[in-house]
Amino acid sequence: MPRYDAMGDDAFDASPAHHTFGPPVIAGIRERAELGRYPIRGWGARRAVPDFDDLLLLTASASRYPLEGYRERCDTRTVLGGRRAGRPVVLDIPITIAGMSFGSLSANAKEALGRAASLVGTSTTTGDGGMTPEERSASRTLVYQCLPSRYGFNPVDLRAADAVEIVLGQGAKPGGGGMLLGQKVGARVAGMRTLPEGVDQRSASRHPDWTGPDDLKIKIEEIREATDWQVPVYVKIGATRVDHDVRLAVAAGADVVVVDGMQGGTGATQDAFIEHTGIPTLAAVRLAADALADLDLTGDVGLIISGGIRTGADVAKALALGADAVSLGVAPLIALGCNAPTYRLPAAGEAHADVGAGSEVDVRAEYTALGTAPGHCTHCHTGRCPVGVTTQDDALAARLDPALGARRVANYLRALAMETTMLARACGKSDVHRLEPEDLVALTVEAAAMARVPLAGTDWIPGR
Amino acid sequence: MGELIMAVRGPDGTGPDGTGSPEGADDIEFDLAVMSTRHVNAALRALPDGARARVVNPAGRHNLAVGLSRAIRVRIAGPAGYYVGGLSAAADVDVDGPAGWGVGENLMSGTVRVRGAASQSAAASAHGGLVVVEGDASLRAGISLKGGRLAVAGDVGRYCAFLAQAGTILVGGDAGEALGDSLYEAVIYVAGRVRSLGTDARVEDLTEADVAAVRALAADAGFDHVDPQNVTRVASARSLYHFDTAQHAAY
Amino acid sequence: MCGIAGLHLLDPALRERLGSMVTGMLRGVAERGPDSAGVAIHDTGGLRVRKEVGDPLAFADRIDLAGQAGSRALAHTRMATESAVTAAHCHPFVAGTAPAADASLARPGALPLGGTQLCLVHNGSFANHATIRRRLAAAGVMTETDNDSEVAACYLATRLGAGDDLATALRRLTATFDGFFTLAVTTADSFAVVRDPIGAKPAIIAETDQWVAVVSEYRALLGLPGLADARVYEPEPEEVYLWAS
Ligand code: SF4
């Protein structure tokens, strides 16, 4: 079982067994003693928490009949925001790409994600710092975030967006503001954010012009007026008091609620925030779905779940628990090449290189220089990403070819969609959205309690 | 949109007020007593450059004249609620009365003028343009300012210019506590007293360039009570720009 | 998260018009709190509190708010944050002892004035009310609901009972409670307003020789007699504004 890295150092896998002052704890204390401040890193929670792996699907046999793969239909089409928006978001698959900023990510990475999302008919999302033209033109469906900092937020890009996502928080740091260390605040990023080049950027944790759902309601109306009531308004929350927060987002007028569990990633956040705040995605999805059901708004108000989604099985389980779609951040970055020992450049002159073609360059030494290794890296905050994903350094960024990256991410998303439909068909569903909690059982008491599905082999749901 | 047609008066200028004043002679009039905010905003956005409009019976409604993008003049004949003139560019919006939170928020260019008091977060995150408040502005005026200009004839409340990144703020009266907290590169000029400075804000010497900037801003705002030679310049000490152990408490 | 409106008459000649003035104010904050509404009216005969789930405007009609006379009133519209949408969770909250009243104080009905009884409406949410609730309970002061605002009402009543005057109790509250709040409080003879140190929630005060009003939004003032000549301002964070008759 992966062990919780209590103090945010990379040595966690080397720890023989958990004890109070194990090697990672020692490393963490040393780091604090040297820095005099909190450790900051990228990615989401690394401690072991109950997750979708603790659930199993009850696929068909005698009592229920499966659908044949390929031949028999299993729809993945997903409509979000149909309640009020003139132009709801229509996706081919219920698997979207989460908000990640240009700044945290390189322009090439943003472009690759946009292209990948377009290739598979789904949406991608801007981040703190605004919308880049590359990203807009590469993305068929682009969700525009409105964050507390409002960096780069402007009405022109707002009207160019296909949906607006008002961000109240994110799973990695619910209640905390954004952070981008100076090494990543290069000229273009600084210009877009109206910041001095090279500052350690700290963003606000509350929006500048409203506080609380009663005033958020007015803010959402303003966004609707400025977009002529055409595009859906999402509200994104970090998963903490999910039941209350989903109800309030709905009361404030959200068309779609995005709930980001504690495993949700970040480009740079205090380790104490990442590991010690929020609740697991598994618990959050059920709370959010139940809140919408209690309001009799299931399907009318969309529910997007994020935070640690990796496989089609995760997607199928999230949908079964009530999500309309899922959103992925870290996983597409891994598909792009994050944590790979090498990066690959397309063969010369080949515009549409095969993902396996081109020349491969070994960068293990660069991971070592960062104090980490491929498979263990969470060093996005340093801006020295060896594979060009999370950097603003031109030479490093050039290691990521947007066309190649797009194809890899599109492949990955297609594979997830195929896994999802495969599992849905096996459960006898002609639409992935017809998966239901009764298709699930839990492997552990914890997961059974959080997801409110029976422990496998029993009809026991803890607390029921 | 039948109600819209009914509610629009002009260009003969004989609106419900029946004055037909020379100032409003060419104004197209929209009456919020019979039209929804949504219809009025859509109608305003459809006006061509150079058009003039009067919005009557605003009664403190929110989100009036937001998202404008053409060089039109809009006169709001009474009190406005939250975000009046927000997310706009190029237009000139005038409010004949007080305004709620976020007047001219995220303004890109053009002018929003409040002929009364403005509530919280005036000109929040404004990238450009000019927001003028002829009365007092309450808390957090100029918060997260991103290059726009804010001129307040009266006093500003606490936390003015919190996290302001770029742009200029002129306060004709006094400034409340924690002025310029966590300031980046925006500059604040205060004609009256400064109750207290926020973290990382400091008073700096006034240069000739400052005097010229204040003179220009006061002139654009129509303030004749501000002596450009006699203001306090507040800017960032830049000690929070980089993580530093010594600043631990500030984080 | 809500809309609040409070009205304190300085001119007894307006007594018969109190209900109609408050009705207009309630209408101005109705959109802020669509879940439920409540009013408390202080009159010579005592304190009347009514609160109900549902549309605030229909509520005002149902209880004939416009027809009610009095000297001081609080009104509230609620968008519930953490506790349930029931009449018991509605504001105004009444706390403290009213002589000869042993019935539940938070329930509708007339109660005699006196003692340390107070009424409170709140816009915002507290962040440490659970601990304060426990401390109050340990001292024998029990809240009736899990609503955070009720804790503030009970806290204030306890402080008044301990001998604080209302201004002192409110100052103590701002130092004790974390979170966001605009509070309006009435007692048998006073009317007070206080906000959290950050000033996170809106508040506007209007004052004339005849009345003092506090509202969440300016539009709730429209229609009050003499508004054009009123002194209108936003209360400073942490400062206690108090009027006594
Ligand atoms: S490889 Fe790059 S994107 Fe992946 S964790 Fe390391 S720095 Fe971040």
# chains A, B, ... in the order shown; residues from 1 in each chain; ligands from 1
$ closest_atom_pairs --of "chain C" --to "chain B" --cutoff "10 Å" --atoms "only C-alpha atoms" --output "JSON lines"
{"residue": "C:Gly28", "atom": "CA", "partner": "B:Gly60", "partner_atom": "CA", "distance": 9.1}
{"residue": "C:Pro197", "atom": "CA", "partner": "B:Arg158", "partner_atom": "CA", "distance": 9.8}
{"residue": "C:Ile198", "atom": "CA", "partner": "B:Arg158", "partner_atom": "CA", "distance": 8.6}
{"residue": "C:Gly199", "atom": "CA", "partner": "B:Leu139", "partner_atom": "CA", "distance": 7.4}
{"residue": "C:Ala200", "atom": "CA", "partner": "B:Leu139", "partner_atom": "CA", "distance": 9.1}
{"residue": "C:Lys201", "atom": "CA", "partner": "B:Gln120", "partner_atom": "CA", "distance": 9.6}
{"residue": "C:Pro202", "atom": "CA", "partner": "B:Gln120", "partner_atom": "CA", "distance": 8.0}
{"residue": "C:Ala203", "atom": "CA", "partner": "B:Ser119", "partner_atom": "CA", "distance": 9.3}
{"residue": "C:Ile204", "atom": "CA", "partner": "B:Ser119", "partner_atom": "CA", "distance": 8.9}
{"residue": "C:Glu217", "atom": "CA", "partner": "B:Gly100", "partner_atom": "CA", "distance": 7.5}
{"residue": "C:Tyr218", "atom": "CA", "partner": "B:Gly60", "partner_atom": "CA", "distance": 6.4}
{"residue": "C:Arg219", "atom": "CA", "partner": "B:Gly60", "partner_atom": "CA", "distance": 4.7}
{"residue": "C:Ala220", "atom": "CA", "partner": "B:Gly60", "partner_atom": "CA", "distance": 8.5}
{"residue": "C:Leu221", "atom": "CA", "partner": "B:Gly60", "partner_atom": "CA", "distance": 9.5}
{"residue": "C:Leu222", "atom": "CA", "partner": "B:Ala59", "partner_atom": "CA", "distance": 7.3}
{"residue": "C:Gly223", "atom": "CA", "partner": "B:Ala59", "partner_atom": "CA", "distance": 9.9}
{"residue": "C:Val232", "atom": "CA", "partner": "B:Ala117", "partner_atom": "CA", "distance": 8.9}
{"residue": "C:Tyr233", "atom": "CA", "partner": "B:Ala117", "partner_atom": "CA", "distance": 8.4}
{"residue": "C:Glu234", "atom": "CA", "partner": "B:Ser138", "partner_atom": "CA", "distance": 6.9}
{"residue": "C:Pro235", "atom": "CA", "partner": "B:Ser138", "partner_atom": "CA", "distance": 9.2}
{"residue": "C:Glu236", "atom": "CA", "partner": "B:Gly157", "partner_atom": "CA", "distance": 7.8}
{"residue": "C:Pro237", "atom": "CA", "partner": "B:Arg158", "partner_atom": "CA", "distance": 8.5}
$ write_last_selection --atoms "C-alpha atoms" --output "JSON list (two decimals), in the first residue's frame"
[["chain", "number", "residue", "atom", "x", "y", "z"],
["C", 28, "GLY", "CA", -35.72, 45.13, -1.28],
["C", 197, "PRO", "CA", -13.49, 43.25, 11.06],
["C", 198, "ILE", "CA", -13.24, 42.41, 7.37],
["C", 199, "GLY", "CA", -16.61, 43.88, 6.48],
["C", 200, "ALA", "CA", -17.33, 40.93, 4.28],
["C", 201, "LYS", "CA", -21.07, 41.33, 4.09],
["C", 202, "PRO", "CA", -22.91, 44.43, 2.95],
["C", 203, "ALA", "CA", -24.54, 46.97, 5.26],
["C", 204, "ILE", "CA", -25.98, 50.42, 4.68],
["C", 217, "GLU", "CA", -28.77, 46.75, -0.18],
["C", 218, "TYR", "CA", -29.58, 50.34, -1.02],
["C", 219, "ARG", "CA", -32.69, 49.42, -2.95],
["C", 220, "ALA", "CA", -34.30, 48.31, 0.32],
["C", 221, "LEU", "CA", -34.27, 51.95, 1.43],
["C", 222, "LEU", "CA", -36.21, 53.20, -1.56],
["C", 223, "GLY", "CA", -39.64, 54.39, -0.56],
["C", 232, "VAL", "CA", -26.67, 57.39, 4.24],
["C", 233, "TYR", "CA", -23.39, 55.61, 5.04],
["C", 234, "GLU", "CA", -21.84, 52.20, 5.45],
["C", 235, "PRO", "CA", -20.97, 51.20, 9.01],
["C", 236, "GLU", "CA", -17.26, 50.78, 9.72],
["C", 237, "PRO", "CA", -16.14, 47.22, 10.46]]
$ closest_atom_pairs --of "chain A" --to "chain B" --cutoff "10 Å" --atoms "only C-alpha atoms" --output "JSON lines"
{"residue": "A:Glu34", "atom": "CA", "partner": "B:Thr245", "partner_atom": "CA", "distance": 9.9}
{"residue": "A:Leu35", "atom": "CA", "partner": "B:Thr245", "partner_atom": "CA", "distance": 7.2}
{"residue": "A:Gly36", "atom": "CA", "partner": "B:Thr245", "partner_atom": "CA", "distance": 5.2}
{"residue": "A:Arg37", "atom": "CA", "partner": "B:Thr245", "partner_atom": "CA", "distance": 6.2}
{"residue": "A:Tyr38", "atom": "CA", "partner": "B:His248", "partner_atom": "CA", "distance": 9.6}
{"residue": "A:Pro148", "atom": "CA", "partner": "B:Ser144", "partner_atom": "CA", "distance": 9.4}
{"residue": "A:Ser149", "atom": "CA", "partner": "B:Ser144", "partner_atom": "CA", "distance": 7.3}
{"residue": "A:Arg150", "atom": "CA", "partner": "B:Ser125", "partner_atom": "CA", "distance": 6.8}
{"residue": "A:Tyr151", "atom": "CA", "partner": "B:Lys146", "partner_atom": "CA", "distance": 8.4}
{"residue": "A:Gly152", "atom": "CA", "partner": "B:His127", "partner_atom": "CA", "distance": 8.9}
{"residue": "A:Phe153", "atom": "CA", "partner": "B:Asn106", "partner_atom": "CA", "distance": 7.8}
{"residue": "A:Asn154", "atom": "CA", "partner": "B:Asn106", "partner_atom": "CA", "distance": 6.9}
{"residue": "A:Pro155", "atom": "CA", "partner": "B:Leu87", "partner_atom": "CA", "distance": 5.6}
{"residue": "A:Val156", "atom": "CA", "partner": "B:Ser69", "partner_atom": "CA", "distance": 9.0}
{"residue": "A:Leu158", "atom": "CA", "partner": "B:Leu87", "partner_atom": "CA", "distance": 9.3}
{"residue": "A:Arg159", "atom": "CA", "partner": "B:Gly67", "partner_atom": "CA", "distance": 9.3}
{"residue": "A:Leu181", "atom": "CA", "partner": "B:His242", "partner_atom": "CA", "distance": 8.4}
{"residue": "A:Gly182", "atom": "CA", "partner": "B:His242", "partner_atom": "CA", "distance": 7.5}
{"residue": "A:Arg193", "atom": "CA", "partner": "B:Lys146", "partner_atom": "CA", "distance": 8.4}
{"residue": "A:Thr194", "atom": "CA", "partner": "B:Lys146", "partner_atom": "CA", "distance": 6.2}
{"residue": "A:Leu195", "atom": "CA", "partner": "B:Gln165", "partner_atom": "CA", "distance": 6.3}
{"residue": "A:Pro196", "atom": "CA", "partner": "B:Glu185", "partner_atom": "CA", "distance": 7.5}
{"residue": "A:Gly198", "atom": "CA", "partner": "B:Tyr241", "partner_atom": "CA", "distance": 8.5}
{"residue": "A:Val199", "atom": "CA", "partner": "B:Tyr241", "partner_atom": "CA", "distance": 5.1}
{"residue": "A:Asp200", "atom": "CA", "partner": "B:His242", "partner_atom": "CA", "distance": 5.1}
{"residue": "A:Gln201", "atom": "CA", "partner": "B:Tyr241", "partner_atom": "CA", "distance": 7.3}
{"residue": "A:Arg202", "atom": "CA", "partner": "B:Tyr241", "partner_atom": "CA", "distance": 8.8}
{"residue": "A:Ser203", "atom": "CA", "partner": "B:Leu163", "partner_atom": "CA", "distance": 8.4}
{"residue": "A:Ala204", "atom": "CA", "partner": "B:Leu163", "partner_atom": "CA", "distance": 7.9}
{"residue": "A:His207", "atom": "CA", "partner": "B:Ser144", "partner_atom": "CA", "distance": 9.7}
{"residue": "A:Pro208", "atom": "CA", "partner": "B:Ile143", "partner_atom": "CA", "distance": 6.3}
{"residue": "A:Asp209", "atom": "CA", "partner": "B:Ser121", "partner_atom": "CA", "distance": 5.5}
{"residue": "A:Trp210", "atom": "CA", "partner": "B:Trp101", "partner_atom": "CA", "distance": 7.8}
{"residue": "A:Asp215", "atom": "CA", "partner": "B:Tyr82", "partner_atom": "CA", "distance": 9.0}
{"residue": "A:Ile218", "atom": "CA", "partner": "B:His62", "partner_atom": "CA", "distance": 7.1}
{"residue": "A:Lys219", "atom": "CA", "partner": "B:Tyr83", "partner_atom": "CA", "distance": 8.0}
{"residue": "A:Ile220", "atom": "CA", "partner": "B:Asn63", "partner_atom": "CA", "distance": 9.9}
{"residue": "A:Glu221", "atom": "CA", "partner": "B:Asn63", "partner_atom": "CA", "distance": 7.3}
{"residue": "A:Glu222", "atom": "CA", "partner": "B:Asn63", "partner_atom": "CA", "distance": 5.4}
{"residue": "A:Ile223", "atom": "CA", "partner": "B:Gly67", "partner_atom": "CA", "distance": 8.5}
{"residue": "A:Arg224", "atom": "CA", "partner": "B:Arg38", "partner_atom": "CA", "distance": 9.1}
{"residue": "A:Glu225", "atom": "CA", "partner": "B:Arg38", "partner_atom": "CA", "distance": 6.5}
{"residue": "A:Ala226", "atom": "CA", "partner": "B:Gly67", "partner_atom": "CA", "distance": 4.3}
{"residue": "A:Thr227", "atom": "CA", "partner": "B:Gly67", "partner_atom": "CA", "distance": 7.6}
{"residue": "A:Asp228", "atom": "CA", "partner": "B:Ala42", "partner_atom": "CA", "distance": 7.2}
{"residue": "A:Trp229", "atom": "CA", "partner": "B:Arg38", "partner_atom": "CA", "distance": 8.8}
$ write_last_selection --atoms "N, CA and C atoms" --output "compact mmCIF listing (two decimals), in the first residue's frame"
# COMPACT_ATOMS: atom_id res chain seq x y z
N GLU A 34 15.67 24.36 7.03
CA GLU A 34 16.51 25.10 6.09
C GLU A 34 15.77 26.29 5.48
N LEU A 35 14.50 26.08 5.11
CA LEU A 35 13.76 27.12 4.39
C LEU A 35 13.17 28.18 5.32
N GLY A 36 12.76 27.77 6.50
CA GLY A 36 12.05 28.69 7.38
C GLY A 36 10.66 28.99 6.88
N ARG A 37 10.16 28.18 6.01
CA ARG A 37 8.78 28.35 5.53
C ARG A 37 8.22 26.99 5.18
N TYR A 38 6.95 27.00 4.80
CA TYR A 38 6.32 25.73 4.47
C TYR A 38 6.85 25.18 3.15
N PRO A 148 -10.39 34.01 -7.93
CA PRO A 148 -10.26 35.16 -7.02
C PRO A 148 -9.25 36.20 -7.51
N SER A 149 -8.16 35.76 -8.09
CA SER A 149 -7.13 36.71 -8.52
C SER A 149 -7.58 37.55 -9.70
N ARG A 150 -8.44 36.97 -10.54
CA ARG A 150 -8.88 37.59 -11.79
C ARG A 150 -7.70 37.91 -12.71
N TYR A 151 -6.60 37.21 -12.55
CA TYR A 151 -5.46 37.46 -13.45
C TYR A 151 -5.89 37.18 -14.88
N GLY A 152 -5.67 38.14 -15.74
CA GLY A 152 -5.94 37.95 -17.17
C GLY A 152 -7.41 37.81 -17.51
N PHE A 153 -8.28 38.03 -16.56
CA PHE A 153 -9.72 37.87 -16.83
C PHE A 153 -10.22 39.10 -17.56
N ASN A 154 -10.89 38.91 -18.67
CA ASN A 154 -11.39 40.08 -19.40
C ASN A 154 -12.63 39.70 -20.21
N PRO A 155 -13.47 40.71 -20.52
CA PRO A 155 -14.76 40.42 -21.17
C PRO A 155 -14.63 39.87 -22.59
N VAL A 156 -13.54 40.17 -23.27
CA VAL A 156 -13.38 39.66 -24.63
C VAL A 156 -13.21 38.14 -24.60
N LEU A 158 -13.99 36.29 -22.12
CA LEU A 158 -15.22 35.76 -21.50
C LEU A 158 -16.25 35.43 -22.57
N ARG A 159 -16.40 36.35 -23.51
CA ARG A 159 -17.39 36.11 -24.57
C ARG A 159 -16.91 35.09 -25.59
N LEU A 181 5.47 30.41 -8.20
CA LEU A 181 6.76 30.90 -7.75
C LEU A 181 7.47 31.67 -8.88
N GLY A 182 8.31 32.57 -8.44
CA GLY A 182 8.92 33.55 -9.34
C GLY A 182 9.59 32.96 -10.56
N ARG A 193 -0.73 38.43 -16.48
CA ARG A 193 -1.29 38.56 -15.13
C ARG A 193 -1.13 39.96 -14.56
N THR A 194 -0.54 40.87 -15.32
CA THR A 194 -0.26 42.23 -14.83
C THR A 194 0.56 42.19 -13.54
N LEU A 195 1.62 41.39 -13.55
CA LEU A 195 2.49 41.28 -12.37
C LEU A 195 3.91 41.61 -12.77
N PRO A 196 4.71 42.05 -11.80
CA PRO A 196 6.12 42.25 -12.10
C PRO A 196 6.76 40.88 -12.40
N GLY A 198 8.96 37.75 -12.35
CA GLY A 198 9.79 37.09 -11.35
C GLY A 198 9.28 37.15 -9.92
N VAL A 199 8.11 37.74 -9.65
CA VAL A 199 7.64 37.75 -8.26
C VAL A 199 7.10 36.37 -7.88
N ASP A 200 7.21 36.07 -6.61
CA ASP A 200 6.51 34.89 -6.08
C ASP A 200 5.05 35.30 -5.92
N GLN A 201 4.27 34.91 -6.92
CA GLN A 201 2.90 35.40 -6.95
C GLN A 201 2.03 34.71 -5.90
N ARG A 202 1.31 35.55 -5.12
CA ARG A 202 0.33 35.00 -4.17
C ARG A 202 -1.02 35.54 -4.60
N SER A 203 -1.96 34.67 -4.80
CA SER A 203 -3.29 35.11 -5.21
C SER A 203 -4.20 35.16 -3.99
N ALA A 204 -5.26 35.93 -4.16
CA ALA A 204 -6.25 36.05 -3.10
C ALA A 204 -6.98 34.72 -2.92
N HIS A 207 -12.85 36.10 -3.64
CA HIS A 207 -13.04 36.96 -4.79
C HIS A 207 -13.07 38.43 -4.36
N PRO A 208 -12.64 39.32 -5.26
CA PRO A 208 -12.51 40.72 -4.84
C PRO A 208 -13.84 41.46 -4.71
N ASP A 209 -14.89 40.96 -5.34
CA ASP A 209 -16.10 41.78 -5.40
C ASP A 209 -17.36 41.04 -4.95
N TRP A 210 -17.20 39.96 -4.25
CA TRP A 210 -18.35 39.33 -3.58
C TRP A 210 -17.82 38.37 -2.53
N ASP A 215 -24.23 37.08 -2.44
CA ASP A 215 -23.59 38.00 -3.37
C ASP A 215 -23.07 37.28 -4.62
N ILE A 218 -25.57 37.40 -7.38
CA ILE A 218 -25.56 38.63 -8.19
C ILE A 218 -24.40 38.58 -9.18
N LYS A 219 -23.28 38.04 -8.72
CA LYS A 219 -22.10 37.93 -9.60
C LYS A 219 -22.41 37.03 -10.80
N ILE A 220 -23.07 35.92 -10.54
CA ILE A 220 -23.40 35.00 -11.64
C ILE A 220 -24.33 35.69 -12.63
N GLU A 221 -25.25 36.48 -12.11
CA GLU A 221 -26.13 37.23 -13.03
C GLU A 221 -25.33 38.20 -13.89
N GLU A 222 -24.31 38.81 -13.29
CA GLU A 222 -23.48 39.72 -14.07
C GLU A 222 -22.80 38.98 -15.23
N ILE A 223 -22.22 37.80 -14.90
CA ILE A 223 -21.56 37.00 -15.93
C ILE A 223 -22.57 36.62 -17.02
N ARG A 224 -23.76 36.29 -16.62
CA ARG A 224 -24.78 35.93 -17.61
C ARG A 224 -25.13 37.13 -18.49
N GLU A 225 -25.26 38.29 -17.86
CA GLU A 225 -25.56 39.49 -18.66
C GLU A 225 -24.43 39.76 -19.65
N ALA A 226 -23.20 39.64 -19.18
CA ALA A 226 -22.05 39.95 -20.05
C ALA A 226 -21.90 38.93 -21.16
N THR A 227 -22.46 37.75 -21.00
CA THR A 227 -22.38 36.72 -22.04
C THR A 227 -23.74 36.49 -22.69
N ASP A 228 -24.65 37.42 -22.44
CA ASP A 228 -25.98 37.38 -23.06
C ASP A 228 -26.74 36.09 -22.74
N TRP A 229 -26.51 35.52 -21.57
CA TRP A 229 -27.22 34.32 -21.11
C TRP A 229 -27.01 33.14 -22.05
$ residues_near_ligand --ligand "ligand 1" --cutoff "7 Å" --atoms "only C-alpha atoms and all ligand atoms" --output "list of chain:residue names"
A:Gly42, A:Trp43, A:Leu333, A:Ile334, A:Cys338, A:Asn339, A:Ala340, A:Cys377, A:Thr378, A:His379, A:Cys380, A:Gly383, A:Arg384, A:Cys385, A:Pro386, A:Val387, A:Gly388, A:Val389, A:Thr390
$ write_last_selection --atoms "N, CA, C and O atoms" --output "compact mmCIF listing (two decimals), in the first residue's frame"
# COMPACT_ATOMS: atom_id res chain seq x y z
N GLY A 42 4.00 20.48 -6.21
CA GLY A 42 2.91 20.27 -7.15
C GLY A 42 2.18 18.97 -6.86
O GLY A 42 2.48 18.27 -5.90
N TRP A 43 1.18 18.66 -7.70
CA TRP A 43 0.37 17.45 -7.61
C TRP A 43 -0.63 17.51 -6.44
O TRP A 43 -0.72 18.48 -5.73
N LEU A 333 -1.52 15.17 -17.86
CA LEU A 333 -0.13 15.63 -17.87
C LEU A 333 0.82 14.44 -17.95
O LEU A 333 1.85 14.48 -18.64
N ILE A 334 0.46 13.36 -17.26
CA ILE A 334 1.29 12.15 -17.34
C ILE A 334 1.23 11.61 -18.77
O ILE A 334 2.26 11.20 -19.33
N CYS A 338 4.72 13.76 -18.44
CA CYS A 338 5.12 14.02 -17.05
C CYS A 338 5.62 12.73 -16.41
O CYS A 338 5.00 11.68 -16.56
N ASN A 339 6.74 12.84 -15.71
CA ASN A 339 7.35 11.72 -14.99
C ASN A 339 7.93 10.64 -15.89
O ASN A 339 8.32 9.57 -15.41
N ALA A 340 8.01 10.91 -17.19
CA ALA A 340 8.66 9.97 -18.10
C ALA A 340 10.18 10.18 -18.04
O ALA A 340 10.64 11.30 -17.84
N CYS A 377 8.37 12.37 -9.41
CA CYS A 377 8.49 13.83 -9.48
C CYS A 377 7.18 14.52 -9.12
O CYS A 377 6.10 14.13 -9.56
N THR A 378 7.27 15.57 -8.29
CA THR A 378 6.14 16.49 -8.03
C THR A 378 6.70 17.91 -8.03
O THR A 378 6.26 18.76 -7.28
N HIS A 379 7.68 18.16 -8.88
CA HIS A 379 8.46 19.39 -8.79
C HIS A 379 8.00 20.48 -9.74
O HIS A 379 8.78 21.33 -10.17
N CYS A 380 6.70 20.45 -10.07
CA CYS A 380 6.15 21.43 -11.01
C CYS A 380 6.43 22.87 -10.56
O CYS A 380 6.61 23.76 -11.39
N GLY A 383 9.47 24.98 -11.91
CA GLY A 383 9.57 25.48 -13.28
C GLY A 383 10.63 24.78 -14.10
O GLY A 383 10.90 25.15 -15.24
N ARG A 384 11.28 23.77 -13.52
CA ARG A 384 12.37 23.07 -14.22
C ARG A 384 11.91 21.71 -14.74
O ARG A 384 12.68 20.74 -14.77
N CYS A 385 10.68 21.60 -15.15
CA CYS A 385 10.12 20.34 -15.60
C CYS A 385 10.99 19.72 -16.71
O CYS A 385 11.17 20.33 -17.77
N PRO A 386 11.53 18.53 -16.48
CA PRO A 386 12.46 17.94 -17.45
C PRO A 386 11.81 17.58 -18.78
O PRO A 386 12.50 17.38 -19.77
N VAL A 387 10.48 17.49 -18.80
CA VAL A 387 9.80 17.09 -20.03
C VAL A 387 8.96 18.22 -20.64
O VAL A 387 8.15 17.99 -21.53
N GLY A 388 9.15 19.44 -20.14
CA GLY A 388 8.55 20.60 -20.79
C GLY A 388 7.07 20.83 -20.54
O GLY A 388 6.45 21.63 -21.22
N VAL A 389 6.51 20.14 -19.54
CA VAL A 389 5.07 20.27 -19.30
C VAL A 389 4.76 21.49 -18.44
O VAL A 389 3.94 22.34 -18.79
N THR A 390 5.45 21.56 -17.29
CA THR A 390 5.16 22.65 -16.36
C THR A 390 6.39 23.55 -16.24
O THR A 390 7.08 23.56 -15.22
$ interface_residues --of "chain A" --to "chain C" --cutoff "12 Å" --atoms "only C-alpha atoms" --output "JSON, numbers by chain"
{"A": [206, 207, 208, 209, 210, 211, 212, 213, 214, 215, 216, 217, 218, 241, 242, 243, 244, 245, 246, 247, 248, 249, 250, 251, 252]}
$ residues_around --residues "range 52-57 of chain C" --least-positions-apart "5" --cutoff "12 Å" --atoms "only C-alpha atoms" --output "PyMOL selection string"
chain C and resi 2-4+22-39+62-66+75-80+84-92+107-108
$ atom_distance --atom1 "CA of Thr311 in chain A" --atom2 "CA of Ala254 in chain A"
28.0 Å
$ residues_around --residues "Ala313 in chain A" --least-positions-apart "2" --cutoff "12 Å" --atoms "only C-alpha atoms" --output "PyMOL selection string"
chain A and resi 51-57+309-311+315-320+326+415-424+432+435+440
$ closest_residue --among "A:Ala268, A:Val301, A:Val409, A:Ala239" --to "Met179 in chain A" --atoms "only C-alpha atoms"
A:Ala268
$ residues_around --residues "Arg193 in chain B" --least-positions-apart "6" --cutoff "8 Å" --atoms "only C-alpha atoms" --output "PDB file with all heavy atoms, in the first residue's frame"
ATOM      1  N   GLY B 173     -10.334  62.616  -0.415  1.00  0.00           N
ATOM      2  CA  GLY B 173     -10.524  62.785   1.023  1.00  0.00           C
ATOM      3  C   GLY B 173      -9.525  61.955   1.799  1.00  0.00           C
ATOM      4  O   GLY B 173      -8.346  61.895   1.453  1.00  0.00           O
ATOM      5  N   ASP B 174     -10.011  61.276   2.847  1.00  0.00           N
ATOM      6  CA  ASP B 174      -9.144  60.470   3.704  1.00  0.00           C
ATOM      7  C   ASP B 174      -9.197  59.000   3.291  1.00  0.00           C
ATOM      8  O   ASP B 174     -10.176  58.549   2.707  1.00  0.00           O
ATOM      9  CB  ASP B 174      -9.613  60.566   5.159  1.00  0.00           C
ATOM     10  CG  ASP B 174      -9.535  61.989   5.698  1.00  0.00           C
ATOM     11  OD1 ASP B 174      -8.811  62.810   5.099  1.00  0.00           O
ATOM     12  OD2 ASP B 174     -10.224  62.272   6.700  1.00  0.00           O
ATOM     13  N   ALA B 175      -8.138  58.279   3.651  1.00  0.00           N
ATOM     14  CA  ALA B 175      -8.107  56.836   3.383  1.00  0.00           C
ATOM     15  C   ALA B 175      -8.200  56.088   4.704  1.00  0.00           C
ATOM     16  O   ALA B 175      -7.569  56.462   5.691  1.00  0.00           O
ATOM     17  CB  ALA B 175      -6.831  56.453   2.652  1.00  0.00           C
TER      18      ALA B 175
END
$ select_by_dssp --residues "range 11-222 of chain A" --states "strand (DSSP E)" --output "PyMOL selection string"
chain A and resi 40-41+55-57+78-80+89-91+95-97+123-125+141-146+163-167+179-180+201-202
